[in-house]
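Following: one structure in structure tokens, then a few remarks.
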Amino acid sequence: MARGLSQENLAVDAGVDRGYVSGIERQSFNPTVDILDRLSVALGTDIAQLFVDPEPGQPEPQPLTPGRRKLR
């Protein structure tokens with residue numbers, strides 16, 4: 001969300017299905033290490049950052065609102 005990526009853009013960049021990205025976000029799917037690696041590369045971060053808990057007192061990350069966003 002901090003990078004302003006939609007699920008669709010993240011999925012395309014990572015080479016996975018958008019529905020799968022949605023399922024990961026909703027905690028319905030358990031991604032493999034390969035998928036996590038692809039997502040971390042697409043996000044431009046280390047895979048370990050996908051496992052970092054928010055600091056105490058920090059709000060939990062919120063998913064993007066549903067629907068398509070206009071391209072810039």
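By order of appearance in the structure tokens: chains A, B, ..., then residues from 1 within every chain, and ligands from 1 in the order shown.
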
Q | Which of range 17-61 of chain A DSSP labels helix (DSSP H, G or I), written as a ChimeraX atom specification | A | /A:18-25,33-43,47-51

If you keep C-alpha atoms, can you produce a file of those selected residues as a compact mmCIF listing (two decimals), in the first residue's frame?
# COMPACT_ATOMS: atom_id res chain seq x y z
CA ARG A 18 -4.42 -11.21 -9.07
CA GLY A 19 -6.90 -13.50 -7.30
CA TYR A 20 -3.99 -15.26 -5.63
CA VAL A 21 -2.58 -11.95 -4.37
CA SER A 22 -6.05 -11.14 -3.02
CA GLY A 23 -6.21 -14.53 -1.31
CA ILE A 24 -2.85 -13.96 0.36
CA GLU A 25 -3.99 -10.54 1.56
CA VAL A 33 8.58 -19.43 -0.73
CA ASP A 34 8.82 -18.98 -4.50
CA ILE A 35 5.71 -16.77 -4.55
CA LEU A 36 6.96 -14.78 -1.54
CA ASP A 37 10.27 -14.27 -3.32
CA ARG A 38 8.52 -13.02 -6.47
CA LEU A 39 6.35 -10.67 -4.42
CA SER A 40 9.33 -9.28 -2.52
CA VAL A 41 11.20 -8.64 -5.80
CA ALA A 42 8.12 -6.91 -7.25
CA LEU A 43 7.85 -4.80 -4.10
CA ILE A 47 11.71 -11.28 1.62
CA ALA A 48 12.30 -10.98 5.39
CA GLN A 49 10.35 -7.70 5.39
CA LEU A 50 7.20 -9.67 4.53
CA PHE A 51 7.38 -11.25 7.99
